[in-house]
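model.cif (mmCIF, C-alpha atoms and all ligand atoms) appears below.
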```cif
data_run
loop_
_atom_site.group_PDB
_atom_site.id
_atom_site.type_symbol
_atom_site.label_atom_id
_atom_site.label_comp_id
_atom_site.auth_asym_id
_atom_site.auth_seq_id
_atom_site.Cartn_x
_atom_site.Cartn_y
_atom_site.Cartn_z
ATOM 1 C CA MET A 1 19.956 -7.926 -1.813
ATOM 2 C CA LYS A 2 17.864 -10.992 -0.978
ATOM 3 C CA ILE A 3 16.354 -10.948 2.474
ATOM 4 C CA PRO A 4 14.860 -14.264 3.545
ATOM 5 C CA PHE A 5 11.359 -13.722 4.794
ATOM 6 C CA PHE A 6 11.634 -15.020 8.317
ATOM 7 C CA ASN A 7 15.047 -14.174 9.691
ATOM 8 C CA THR A 8 14.672 -10.402 9.873
ATOM 9 C CA ASN A 9 12.746 -10.328 13.126
ATOM 10 C CA GLN A 10 14.306 -7.617 15.272
ATOM 11 C CA LEU A 11 12.053 -8.474 18.188
ATOM 12 C CA GLU A 12 12.364 -11.131 20.883
ATOM 13 C CA GLU A 13 11.264 -14.640 19.897
ATOM 14 C CA SER A 14 8.695 -14.471 22.670
ATOM 15 C CA PHE A 15 7.094 -11.271 21.366
ATOM 16 C CA HIS A 16 3.333 -11.535 21.366
ATOM 17 C CA TYR A 17 1.644 -9.959 18.346
ATOM 18 C CA PRO A 18 -1.603 -8.471 19.671
ATOM 19 C CA GLU A 19 -4.733 -9.371 17.725
ATOM 20 C CA ASP A 20 -7.593 -7.428 19.303
ATOM 21 C CA ASN A 21 -8.579 -4.299 17.403
ATOM 22 C CA THR A 22 -5.881 -4.732 14.797
ATOM 23 C CA PRO A 23 -6.664 -2.576 11.747
ATOM 24 C CA GLU A 24 -7.942 -4.873 8.984
ATOM 25 C CA HIS A 25 -6.738 -2.642 6.188
ATOM 26 C CA VAL A 26 -3.544 -0.585 6.482
ATOM 27 C CA ALA A 27 -2.555 1.789 3.670
ATOM 28 C CA ILE A 28 0.972 3.204 3.525
ATOM 29 C CA ILE A 29 2.523 6.130 1.644
ATOM 30 C CA MET A 30 6.137 4.957 1.470
ATOM 31 C CA ASP A 31 7.816 8.365 1.326
ATOM 32 C CA GLY A 32 11.413 9.446 1.980
ATOM 33 C CA ASN A 33 13.406 6.966 -0.114
ATOM 34 C CA GLY A 34 15.195 9.543 -2.284
ATOM 35 C CA ARG A 35 15.980 11.745 0.732
ATOM 36 C CA TRP A 36 17.323 8.755 2.666
ATOM 37 C CA ALA A 37 19.848 8.165 -0.119
ATOM 38 C CA GLU A 38 20.757 11.839 -0.533
ATOM 39 C CA ASN A 39 21.366 12.112 3.235
ATOM 40 C CA GLN A 40 24.117 9.512 2.864
ATOM 41 C CA GLY A 41 25.526 10.893 -0.382
ATOM 42 C CA LEU A 42 24.104 8.002 -2.406
ATOM 43 C CA PRO A 43 22.144 8.186 -5.683
ATOM 44 C CA ARG A 44 18.359 8.311 -5.132
ATOM 45 C CA ALA A 45 18.040 4.849 -6.677
ATOM 46 C CA ALA A 46 19.863 3.419 -3.646
ATOM 47 C CA GLY A 47 17.002 4.701 -1.479
ATOM 48 C CA HIS A 48 14.371 3.037 -3.655
ATOM 49 C CA GLN A 49 16.340 -0.210 -3.523
ATOM 50 C CA GLU A 50 16.556 0.025 0.269
ATOM 51 C CA GLY A 51 12.801 0.764 0.315
ATOM 52 C CA VAL A 52 12.204 -2.693 -1.134
ATOM 53 C CA SER A 53 13.800 -4.278 1.948
ATOM 54 C CA THR A 54 11.415 -2.296 4.135
ATOM 55 C CA ILE A 55 8.441 -3.645 2.165
ATOM 56 C CA VAL A 56 9.620 -7.197 2.910
ATOM 57 C CA LYS A 57 9.903 -6.480 6.648
ATOM 58 C CA ILE A 58 6.518 -4.755 6.847
ATOM 59 C CA VAL A 59 4.720 -7.461 4.854
ATOM 60 C CA LYS A 60 6.130 -10.058 7.216
ATOM 61 C CA THR A 61 5.005 -8.063 10.253
ATOM 62 C CA ALA A 62 1.567 -7.436 8.732
ATOM 63 C CA ILE A 63 1.138 -11.217 8.314
ATOM 64 C CA LYS A 64 2.156 -11.888 11.926
ATOM 65 C CA SER A 65 -0.144 -9.108 13.145
ATOM 66 C CA LYS A 66 -3.062 -10.585 11.159
ATOM 67 C CA VAL A 67 -3.602 -7.464 9.083
ATOM 68 C CA LYS A 68 -5.914 -8.528 6.233
ATOM 69 C CA VAL A 69 -5.149 -5.916 3.566
ATOM 70 C CA LEU A 70 -1.966 -3.896 3.060
ATOM 71 C CA THR A 71 -2.068 -1.206 0.351
ATOM 72 C CA LEU A 72 1.284 0.332 -0.576
ATOM 73 C CA TYR A 73 1.578 3.579 -2.553
ATOM 74 C CA ALA A 74 4.554 2.714 -4.751
ATOM 75 C CA PHE A 75 4.247 5.086 -7.731
ATOM 76 C CA SER A 76 1.928 8.044 -8.209
ATOM 77 C CA THR A 77 0.759 9.616 -11.449
ATOM 78 C CA GLU A 78 2.900 12.630 -10.417
ATOM 79 C CA ASN A 79 6.086 10.523 -10.204
ATOM 80 C CA TRP A 80 6.447 10.730 -14.015
ATOM 81 C CA LYS A 81 7.853 14.255 -13.439
ATOM 82 C CA ARG A 82 11.039 12.766 -11.956
ATOM 83 C CA PRO A 83 14.291 12.383 -13.928
ATOM 84 C CA ARG A 84 14.064 9.676 -16.608
ATOM 85 C CA HIS A 85 16.838 7.510 -15.144
ATOM 86 C CA GLU A 86 15.124 7.486 -11.739
ATOM 87 C CA ILE A 87 11.791 6.474 -13.295
ATOM 88 C CA ASP A 88 13.509 3.739 -15.329
ATOM 89 C CA PHE A 89 15.082 2.372 -12.160
ATOM 90 C CA ILE A 90 11.814 2.416 -10.186
ATOM 91 C CA LEU A 91 9.876 0.693 -12.979
ATOM 92 C CA LYS A 92 12.284 -2.254 -12.839
ATOM 93 C CA LEU A 93 11.595 -2.849 -9.137
ATOM 94 C CA PRO A 94 8.301 -4.787 -9.394
ATOM 95 C CA LYS A 95 9.821 -7.431 -11.678
ATOM 96 C CA GLU A 96 12.971 -7.649 -9.556
ATOM 97 C CA PHE A 97 10.960 -7.821 -6.331
ATOM 98 C CA LEU A 98 8.680 -10.549 -7.658
ATOM 99 C CA SER A 99 11.512 -12.628 -9.153
ATOM 100 C CA ILE A 100 13.003 -12.812 -5.663
ATOM 101 C CA TYR A 101 9.999 -12.865 -3.330
ATOM 102 C CA LEU A 102 7.035 -14.319 -5.235
ATOM 103 C CA PRO A 103 7.756 -17.923 -4.133
ATOM 104 C CA GLU A 104 7.911 -16.837 -0.489
ATOM 105 C CA LEU A 105 4.776 -14.726 -0.816
ATOM 106 C CA ILE A 106 2.965 -17.727 -2.314
ATOM 107 C CA ALA A 107 4.221 -19.906 0.553
ATOM 108 C CA GLN A 108 2.836 -17.319 2.973
ATOM 109 C CA ASN A 109 -0.599 -17.450 1.280
ATOM 110 C CA VAL A 110 -0.350 -13.767 0.230
ATOM 111 C CA ARG A 111 -2.677 -12.532 -2.516
ATOM 112 C CA ILE A 112 -1.104 -9.823 -4.660
ATOM 113 C CA ASP A 113 -3.202 -7.170 -6.360
ATOM 114 C CA ALA A 114 -2.644 -3.779 -7.963
ATOM 115 C CA ILE A 115 -4.597 -0.551 -8.309
ATOM 116 C CA GLY A 116 -3.939 2.288 -10.744
ATOM 117 C CA ASP A 117 -3.568 2.709 -14.482
ATOM 118 C CA MET A 118 -1.365 -0.262 -15.415
ATOM 119 C CA ASN A 119 -1.583 0.522 -19.147
ATOM 120 C CA ALA A 120 0.977 3.315 -18.883
ATOM 121 C CA LEU A 121 3.589 1.000 -17.313
ATOM 122 C CA PRO A 122 6.220 -0.750 -19.437
ATOM 123 C CA PHE A 123 5.284 -4.218 -20.687
ATOM 124 C CA PHE A 124 7.865 -6.078 -18.546
ATOM 125 C CA THR A 125 6.494 -4.382 -15.398
ATOM 126 C CA ARG A 126 2.854 -5.123 -16.240
ATOM 127 C CA GLU A 127 3.661 -8.688 -17.227
ATOM 128 C CA ALA A 128 5.479 -9.444 -13.952
ATOM 129 C CA ILE A 129 2.654 -7.950 -11.868
ATOM 130 C CA GLN A 130 -0.073 -9.642 -13.923
ATOM 131 C CA HIS A 131 1.675 -12.983 -13.470
ATOM 132 C CA ALA A 132 1.887 -12.452 -9.694
ATOM 133 C CA ILE A 133 -1.795 -11.441 -9.501
ATOM 134 C CA GLU A 134 -2.856 -14.567 -11.407
ATOM 135 C CA ARG A 135 -0.481 -16.856 -9.535
ATOM 136 C CA THR A 136 -1.737 -15.688 -6.109
ATOM 137 C CA GLY A 137 -5.402 -15.170 -7.019
ATOM 138 C CA ASP A 138 -6.654 -18.133 -4.992
ATOM 139 C CA ASN A 139 -4.689 -17.299 -1.841
ATOM 140 C CA ASP A 140 -6.728 -16.085 1.108
ATOM 141 C CA GLY A 141 -4.072 -14.741 3.464
ATOM 142 C CA LEU A 142 -2.813 -11.147 3.463
ATOM 143 C CA GLN A 143 -4.032 -9.130 0.473
ATOM 144 C CA LEU A 144 -1.030 -7.110 -0.700
ATOM 145 C CA ASN A 145 -2.132 -4.237 -2.939
ATOM 146 C CA PHE A 146 0.341 -2.119 -4.839
ATOM 147 C CA ALA A 147 -0.830 1.316 -5.985
ATOM 148 C CA LEU A 148 1.038 1.890 -9.246
ATOM 149 C CA ASN A 149 0.572 4.887 -11.509
ATOM 150 C CA TYR A 150 -2.291 5.642 -9.151
ATOM 151 C CA GLY A 151 -4.020 9.008 -8.751
ATOM 152 C CA SER A 152 -7.192 9.347 -6.723
ATOM 153 C CA ARG A 153 -8.873 12.195 -8.624
ATOM 154 C CA HIS A 154 -8.314 10.314 -11.860
ATOM 155 C CA GLU A 155 -9.793 7.207 -10.238
ATOM 156 C CA ILE A 156 -12.877 9.129 -9.074
ATOM 157 C CA LEU A 157 -13.386 10.869 -12.419
ATOM 158 C CA ASN A 158 -13.020 7.585 -14.247
ATOM 159 C CA ALA A 159 -15.494 5.903 -11.892
ATOM 160 C CA MET A 160 -17.934 8.728 -12.498
ATOM 161 C CA LYS A 161 -17.657 8.406 -16.282
ATOM 162 C CA THR A 162 -18.275 4.649 -16.205
ATOM 163 C CA MET A 163 -21.120 5.101 -13.746
ATOM 164 C CA ILE A 164 -22.836 7.755 -15.867
ATOM 165 C CA GLY A 165 -22.481 5.399 -18.845
ATOM 166 C CA ASP A 166 -24.308 2.720 -16.844
ATOM 167 C CA ILE A 167 -26.995 5.212 -15.857
ATOM 168 C CA ASN A 168 -27.492 6.211 -19.505
ATOM 169 C CA LYS A 169 -27.743 2.531 -20.459
ATOM 170 C CA GLY A 170 -30.406 2.104 -17.792
ATOM 171 C CA LYS A 171 -28.251 -0.352 -15.807
ATOM 172 C CA LEU A 172 -28.295 1.937 -12.787
ATOM 173 C CA SER A 173 -30.875 4.328 -11.381
ATOM 174 C CA LEU A 174 -29.741 7.891 -10.641
ATOM 175 C CA ASP A 175 -32.355 8.242 -7.883
ATOM 176 C CA GLU A 176 -31.269 5.076 -6.084
ATOM 177 C CA LEU A 177 -27.542 5.740 -6.457
ATOM 178 C CA ASN A 178 -25.684 5.440 -3.155
ATOM 179 C CA GLU A 179 -22.123 5.611 -1.787
ATOM 180 C CA GLN A 180 -21.689 1.850 -1.828
ATOM 181 C CA GLN A 181 -22.618 1.640 -5.502
ATOM 182 C CA PHE A 182 -20.200 4.432 -6.348
ATOM 183 C CA SER A 183 -17.407 2.657 -4.416
ATOM 184 C CA GLY A 184 -17.975 -0.299 -6.724
ATOM 185 C CA TYR A 185 -16.671 1.746 -9.660
ATOM 186 C CA LEU A 186 -13.331 2.540 -7.987
ATOM 187 C CA TYR A 187 -10.145 0.454 -8.385
ATOM 188 C CA THR A 188 -10.694 -0.650 -4.779
ATOM 189 C CA ALA A 189 -14.132 -2.157 -5.487
ATOM 190 C CA GLY A 190 -14.899 -4.880 -2.955
ATOM 191 C CA VAL A 191 -12.038 -3.947 -0.636
ATOM 192 C CA LYS A 192 -12.885 -2.552 2.795
ATOM 193 C CA ASP A 193 -11.809 1.103 3.242
ATOM 194 C CA PRO A 194 -8.466 1.491 5.069
ATOM 195 C CA ASP A 195 -8.692 1.625 8.876
ATOM 196 C CA LEU A 196 -5.231 3.130 9.208
ATOM 197 C CA LEU A 197 -3.129 5.286 6.886
ATOM 198 C CA ILE A 198 0.590 5.546 7.580
ATOM 199 C CA ARG A 199 2.759 8.130 5.829
ATOM 200 C CA THR A 200 6.506 8.010 6.397
ATOM 201 C CA GLY A 201 8.984 10.729 5.439
ATOM 202 C CA GLY A 202 7.617 13.703 7.381
ATOM 203 C CA GLU A 203 5.054 15.221 4.981
ATOM 204 C CA LYS A 204 1.507 15.581 6.282
ATOM 205 C CA ARG A 205 -0.595 15.363 3.166
ATOM 206 C CA LEU A 206 -2.475 12.765 1.095
ATOM 207 C CA SER A 207 -0.833 13.478 -2.263
ATOM 208 C CA ASN A 208 -3.856 12.287 -4.246
ATOM 209 C CA PHE A 209 -3.993 8.880 -2.512
ATOM 210 C CA LEU A 210 -7.364 7.149 -1.883
ATOM 211 C CA LEU A 211 -9.282 10.415 -1.318
ATOM 212 C CA TRP A 212 -12.713 8.748 -1.275
ATOM 213 C CA GLN A 213 -11.608 5.641 0.645
ATOM 214 C CA LEU A 214 -9.872 7.528 3.485
ATOM 215 C CA ALA A 215 -12.993 9.449 4.608
ATOM 216 C CA TYR A 216 -13.121 7.772 8.065
ATOM 217 C CA THR A 217 -9.540 6.471 8.297
ATOM 218 C CA GLU A 218 -7.183 7.096 11.251
ATOM 219 C CA PHE A 219 -3.918 8.769 10.188
ATOM 220 C CA TRP A 220 -0.399 8.064 11.473
ATOM 221 C CA PHE A 221 2.356 10.388 10.280
ATOM 222 C CA THR A 222 6.011 9.813 11.085
ATOM 223 C CA ASP A 223 9.230 11.657 10.189
ATOM 224 C CA VAL A 224 11.045 8.334 9.790
ATOM 225 C CA LEU A 225 12.094 7.847 6.155
ATOM 226 C CA TRP A 226 10.704 4.679 4.506
ATOM 227 C CA PRO A 227 14.076 2.835 4.311
ATOM 228 C CA ASP A 228 14.461 3.381 8.088
ATOM 229 C CA PHE A 229 10.884 2.360 8.943
ATOM 230 C CA SER A 230 11.119 -0.761 11.106
ATOM 231 C CA GLU A 231 8.970 -3.574 12.406
ATOM 232 C CA LYS A 232 9.033 -1.836 15.773
ATOM 233 C CA GLU A 233 7.696 1.427 14.297
ATOM 234 C CA PHE A 234 4.988 -0.383 12.344
ATOM 235 C CA LEU A 235 3.861 -2.212 15.499
ATOM 236 C CA HIS A 236 3.852 1.124 17.316
ATOM 237 C CA ALA A 237 1.509 2.610 14.703
ATOM 238 C CA LEU A 238 -0.791 -0.447 15.005
ATOM 239 C CA GLU A 239 -0.760 -0.044 18.789
ATOM 240 C CA LYS A 240 -1.641 3.666 18.579
ATOM 241 C CA TYR A 241 -4.537 2.728 16.294
ATOM 242 C CA ARG A 242 -5.758 0.152 18.819
ATOM 243 C CA GLN A 243 -5.684 2.789 21.575
ATOM 244 C CA ARG A 244 -7.605 5.331 19.489
ATOM 245 C CA GLU A 245 -10.219 2.687 18.710
ATOM 246 C CA ARG A 246 -10.549 1.802 22.391
ATOM 247 C CA ARG A 247 -11.014 5.446 23.389
ATOM 248 C CA TYR A 248 -13.798 6.184 20.922
ATOM 249 C CA GLY A 249 -15.238 2.703 20.434
ATOM 250 C CA GLY A 250 -17.162 2.533 23.687
ATOM 251 C CA ILE A 251 -18.872 5.845 23.043
ATOM 252 C CA LEU A 252 -19.791 5.121 19.434
ATOM 253 C CA LYS A 253 -20.915 1.502 19.866
HETATM 254 C C1 LIG B 301 10.168 2.520 -4.967
HETATM 255 C C2 LIG B 301 9.703 2.210 -1.952
HETATM 256 C C3 LIG B 301 8.254 -2.925 -4.838
HETATM 257 C C4 LIG B 301 8.832 3.060 -2.800
HETATM 258 C C5 LIG B 301 9.733 0.763 -2.336
HETATM 259 C C6 LIG B 301 6.838 0.816 -9.820
HETATM 260 C C7 LIG B 301 9.368 3.509 -4.160
HETATM 261 C C8 LIG B 301 10.456 0.491 -3.635
HETATM 262 C C9 LIG B 301 7.363 -2.741 -5.870
HETATM 263 C C10 LIG B 301 6.394 -3.716 -6.391
HETATM 264 C C11 LIG B 301 8.894 0.451 -5.604
HETATM 265 C C12 LIG B 301 5.294 -3.312 -7.141
HETATM 266 C C13 LIG B 301 4.365 -4.239 -7.590
HETATM 267 C C14 LIG B 301 4.530 -5.553 -7.299
HETATM 268 C C15 LIG B 301 5.603 -5.975 -6.563
HETATM 269 C C16 LIG B 301 6.522 -5.064 -6.111
HETATM 270 C C17 LIG B 301 7.548 -1.413 -6.267
HETATM 271 C C18 LIG B 301 7.331 0.565 -7.413
HETATM 272 C C19 LIG B 301 8.272 1.172 -6.625
HETATM 273 C C20 LIG B 301 6.668 1.368 -8.490
HETATM 274 F F1 LIG B 301 3.617 -6.454 -7.721
HETATM 275 N N1 LIG B 301 8.937 -1.808 -4.602
HETATM 276 N N2 LIG B 301 8.521 -0.870 -5.467
HETATM 277 N N3 LIG B 301 6.942 -0.702 -7.228
HETATM 278 N N4 LIG B 301 9.832 1.098 -4.783
#
```

Would you give me this structure, written as structure tokens?
Ligand code: V0D
Amino acid sequence: MKIPFFNTNQLEESFHYPEDNTPEHVAIIMDGNGRWAENQGLPRAAGHQEGVSTIVKIVKTAIKSKVKVLTLYAFSTENWKRPRHEIDFILKLPKEFLSIYLPELIAQNVRIDAIGDMNALPFFTREAIQHAIERTGDNDGLQLNFALNYGSRHEILNAMKTMIGDINKGKLSLDELNEQQFSGYLYTAGVKDPDLLIRTGGEKRLSNFLLWQLAYTEFWFTDVLWPDFSEKEFLHALEKYRQRERRYGGILK
């Protein structure tokens, strides 16, 4: 299952990775893994496993394209409704992924982070992720954020509760409260809002992902299922973003 980081390039050696107008923060809803497996008569777990390989390819391409933050929606609060054996399989993936790829991610100066309610995850999952976060905390290359047991409405409600607590304690003034201060109470505090959201797998909805943070984000939807999503398709989405920016940038700036 191991895929070395730098021999999966499907493009020509001479390919030039454009840098101008590259989205700084790309968020991805990695949908279509279960369907990919079912389409080939395989158990859904096989699709999730294949989805891991796609993460490796896309992380590598994000690094080469000088994307600064990549946020991947790996497990939503709604995913608990799936069959127990599928959940059990998915929850083993972070530890497996990190046991294989953490050394290469460290070598690539990647900083790993996570958003969502980690407390509900099994100990071995939390422990592996926590270790990776600590081990990569000083890196200043690509920030790789995994959204795990994440739900945006829960995030917003939770932020609001903490914020009101601070207001009641007199730490914060209700009259002076602004959007930036509120953003500071979200899991994504300190991280620039996504410039580009990609959703694979054909559905055109947000599914409770980063509702506040996506207010001004460009969206790219594709029918391609996550295990089939390639470097070429990712670069295409980045290119479409660059074109949209160019079209509106001159008028707005
Ligand atoms: C399943 C497709 C890597 C989406 C990719 C627990 C669904 C494979 C991770 C991972 C999942 C998470 C944190 C981390 C390192 C790796 C992962 C989940 C699902 C949810 F620090 N793949 N992956 N996490 N899938």

What is the atom C16 of ligand LIG 301 (chain B) to CA of Thr71 (chain A) distance in Å?
->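 Straight-line distance from atom C16 of ligand LIG 301 (chain B) to CA of Thr71 (chain A) works out to 11.4 Å.
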
Report as an MDAnalysis selection string the full result of the PyMOL selection byres (((not hetatm)) within 8 of (chain B and resi 301)) when it is applied to this structure.
-> chainID A and resid 30:31 33 47:55 73:75 90:98 112:114 125 128:130 132:133 145:149 226:227

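Of the listed residues A:Glu19, A:Asp88, A:Val67, A:Ile58, the one whose atoms come nearest to Ala45 (chain A) is A:Asp88, with distances taken using only C-alpha atoms.
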
Could you spell out the hits of the PyMOL selection byres (((chain A and resi 208-217) around 10) and not hetatm) on the shown file, as a PyMOL selection string?
-> chain A and resi 25-29+73+76-78+147+150-156+179+183+186-188+191-197+205-207+218-220

For this file, the PyMOL selection byres (((chain A and resi 235) around 10) and not hetatm) selects which residues, as an MDAnalysis selection string?
-> chainID A and resid 17:18 58 61:62 65 230:234 236:241

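Between CA of Trp36 (chain A) and CA of Glu203 (chain A) the separation is 14.1 Å.
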
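Between CA of Ser173 (chain A) and CA of Met160 (chain A) the separation is 13.7 Å.
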